[in-house]
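Structure first, commentary second.
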Amino acid sequence: MSLPFIHRSAMLCRGFRASLNLYDHTTTIRLRTLCSSVGEANTGILQSTEEYKFVERLIPPSRVPIPPKHDGPSPSGWTPPSEVPPALPYMIRRSRMHNVPVYTDLTHGSRKTTLVRKVEGDIWALEKDVKEYLQQLTGKDLPTQVNEVTMTLRVKGHFDTELKEWLVEKGF
Amino acid sequence: MSFTKKTGGKALDILQNLPRITLANLRAEPGTKKAEKKRGRGQHGGNRSGRGHKGERQRGNRPRLGFEGGQTPFYLAIPKYGYNEGHSRRAQYQPLTLNRLQYLIDLGRIDPTQPIDLTQLVNGRGVTIQPQKRDYGVQLVGEGAGIFAAKVNIEVQMASEEAIAAIERNGGIVTTGFYDPRSLAVLCKPVPFFLSGQPIPKRMLPGEDMVPYYTDAANRGYLADPEKVQKARIALAQKYGYILPDISKDELFHMLFMRKDPRQIFFGLSPGWVVNMVEKKILKPTDDKLLQYYNS
């Protein structure tokens with residue numbers, strides 16, 4: 001039962017290949033038509049360096065690529081950092097994947113915190129600004145924790161989308 | 001502006017001016033530590049230590065979990081049914097949202113000027129495929145269809161209708177292709193495969209259950225009739241209410257129409273070839289039987 005099915009699908013496939021002029025014929029199978037051979041090796045092997053460029057396309061890059069230029073936000077919502085760093089007493093660098101380093105955390109199943117990493121400069125000024133901004137947003141005075149050794153700021157509650165937008169607006 | 005970092009900052013300044021920290025100086029923040037309840041120390045001499053009065057409760061001899069006093073318990077009354085039977089042998093397709101695809105293109109991790117393949121997606125670290133865990137590839141999911149704005153030639157293993165509509169609306173091409181587990185492993189990690197010195201295998205055709213999927217033009221299957229695919233593109237445009245852009249007049253026309261042969265795993269490389277990465281050469285067989293096998 002399965003044999004005629006496979007045969008039919010193979011026939012189908014061959015039939016379509018013949019009728020199709022959309023396939024990339026220059027580089028597909030039909031080995032007899034290809035006649036590039038650089039240096040004949042021992043018994044019946046052709047060597048070629050012309051198709052090696054297709055292999056180079058398959059090698060994964062080992063460095064994170066630099067994003068292309070965008071004017072303002074891109075279609076997916078990603079915004080590049082501004083050319084000139086903002087004139088503030090603190091600086092928040094982008095992560096190695098070029099994103100804003102604000103992360104949410106959930107400990108003990110119900111303890112929500114937001115973490116702002118990669119802060120440089122006066123972290124207390126950032127803490128003051130964040131508290132003021134979240135006071136306007138929520139109306140509550142949220143507990144924050146500053147870690148001067150790792151230069152991070154932790155805020156109680158999940159505010160990652162709000163803080164990311166706020167930081168991007170500032171130009172970080 | 002560059003900021004010089006003084007590790008510890010103001011906290012270190014304060015510490016240096018305060019007296020030495022000892023156990024006598026430290027205490028927990030009020031409200032963080034709650035006093036533990038001591039058993040058997042309550043009013044009237046404690047007595048039962050929170051165990052109740054006599055019976056199985058106090059004596060610690062309660063029956064097993066789920067026992068309902070003799071009544072047929074819930075977990076035995078409900079009949080068995082094979083909802084999860086063979087779940088570990090089912091094919092899985094890692095979802096790829098259009099949101100994520102747009103994000104990868106915007107950040108330059110995927111090049112839209114070249115055909116997008118599963119290898120390109122894995123190289124751009126867009127998806128993680130585990131061929132050994134019954135993954136059969138990637139499926140395109142329609143989330144983010146509203147913001148998608150890239151013209152791409154993408155080849156996936158499954159695609160939802162909304163995703164196909166969103167890509168074709170922007171002048172791109174979607175194809176669904178089948179990869180058997182060995183070909184998938186080779187496709188996801190080409191470099192270790194080339195270093196192993198094996199010839200590129202030929203891609204197998206789908207099994208009986210997947211042939212209807214890949215021969216259907218509505219799914220843009222790689223085995224479907226191209227005329228039917230064109231009709232399906234027009235029908236989908238009418239269904240979703242957009243004008244189908246004419247790709248034949250595009251400058252990237254040649255790239256957009258690049259498609260793989262059903263037996264081919266990589267663009268530009270045929271089955272049967274051996275890749276020598278050290279000397280940057282490709283070795284091709286010339287024996288008739290081998291050629292016949294790899295060309296079938």
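Residues are named by chain letter and number: chains run A, B, ... in the order of the structure tokens, numbers start at 1 in each chain, and ligands are numbered from 1 in the order shown.
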
Would you pick out the contacts of segment 263-277 of chain B at 7 Å or less, using only C-alpha atoms, so that residues sharing its chain but fewer than 3 positions from it are not included, and give the list as a ChimeraX atom specification? /A:27-29,51,54 /B:183,187,194-195,197-204,260,280-285,294

What lies within 8 Å of Arg233 of chain B using only C-alpha atoms, ignoring chain neighbours under 4 positions off, as a PyMOL selection string? chain B and resi 168+229+237+244

Can you check which residues of chain B have any atom within 8 Å of chain A? Use only C-alpha atoms and format it as a ChimeraX atom specification. /B:1,3-5,7-11,99-100,102-103,106-109,119-120,123-124,147-149,190-191,205,208,211,223,225-226,257-262,264,267-271,280-287,291,295

Pairwise distance for atom CA of Gly142 of chain B and atom CA of Gly241 of chain B, rounded to one decimal in Å: 16.1 Å

Calculate how many Å separate atom CA of Leu101 of chain B from atom CA of Lys170 of chain A, rounding to one decimal. 27.0 Å

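The residues of segment 55-133 of chain B that DSSP classifies as strand (DSSP E), using the backbone of this structure, are Gln92, Tyr93, Gln94, Pro95, Leu96 and Thr97 of chain B.
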
Smallest atom-to-atom distance to Leu252 of chain B: which of B:Leu23, B:Ala235, B:Ala145, B:Ile173, using only C-alpha atoms?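 Of B:Leu23, B:Ala235, B:Ala145, B:Ile173, the one nearest Leu252 of chain B, counting only C-alpha atoms, is B:Ile173.
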
Among the residues B:Ala185, B:Lys228, B:Lys33, B:Ser88, the one that comes closest to Thr128 of chain B [using only C-alpha atoms]: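 Of all the options, B:Ala185 lies closest to Thr128 of chain B.
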
Please identify which residues in segment 146-220 of chain B DSSP calls helix (DSSP H, G or I) from the backbone, and express them as an mmCIF file with C-alpha atoms, in the first residue's frame.
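And here is the file that came out, states27.cif:
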```
data_model
loop_
_atom_site.group_PDB
_atom_site.id
_atom_site.type_symbol
_atom_site.label_atom_id
_atom_site.label_comp_id
_atom_site.auth_asym_id
_atom_site.auth_seq_id
_atom_site.Cartn_x
_atom_site.Cartn_y
_atom_site.Cartn_z
ATOM 1 C CA GLU B 161 -2.503 31.123 6.670
ATOM 2 C CA GLU B 162 -2.172 34.540 8.312
ATOM 3 C CA ALA B 163 1.623 34.308 8.178
ATOM 4 C CA ILE B 164 1.567 33.384 4.478
ATOM 5 C CA ALA B 165 -0.798 36.300 3.799
ATOM 6 C CA ALA B 166 1.412 38.771 5.700
ATOM 7 C CA ILE B 167 4.564 37.747 3.825
ATOM 8 C CA GLU B 168 2.913 37.749 0.399
ATOM 9 C CA ARG B 169 1.306 41.101 1.109
ATOM 10 C CA PRO B 181 15.552 14.040 10.783
ATOM 11 C CA ARG B 182 19.016 13.344 9.348
ATOM 12 C CA SER B 183 18.726 16.112 6.756
ATOM 13 C CA LEU B 184 17.418 18.443 9.445
ATOM 14 C CA ALA B 185 20.434 17.773 11.658
ATOM 15 C CA VAL B 186 22.722 18.464 8.688
ATOM 16 C CA LEU B 187 20.788 21.636 7.836
ATOM 17 C CA CYS B 188 20.873 23.016 11.395
ATOM 18 C CA PRO B 190 26.320 22.249 8.642
ATOM 19 C CA VAL B 191 29.869 22.908 9.884
ATOM 20 C CA PRO B 192 30.237 19.829 12.153
ATOM 21 C CA PHE B 193 28.699 17.761 9.349
ATOM 22 C CA PHE B 194 31.186 19.018 6.758
ATOM 23 C CA LEU B 195 34.040 18.417 9.183
ATOM 24 C CA VAL B 211 2.407 14.142 1.603
ATOM 25 C CA PRO B 212 -1.096 15.742 1.488
ATOM 26 C CA TYR B 213 0.270 18.734 3.416
ATOM 27 C CA TYR B 214 3.259 19.322 1.131
ATOM 28 C CA ALA B 217 -0.948 24.731 -2.804
ATOM 29 C CA ALA B 218 -2.775 26.427 0.104
ATOM 30 C CA ASN B 219 0.189 25.531 2.346
#
```

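Nearest-residue note for Ile92 of chain A: choosing from A:Val168, A:Val119, A:Leu126, A:Val155, the minimum distance belongs to A:Val119, counting only C-alpha atoms.
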
Using atom CA of Ser95 of chain A and atom CA of Ile110 of chain B as the two end points, give the distance in Å to one decimal. 18.8 Å
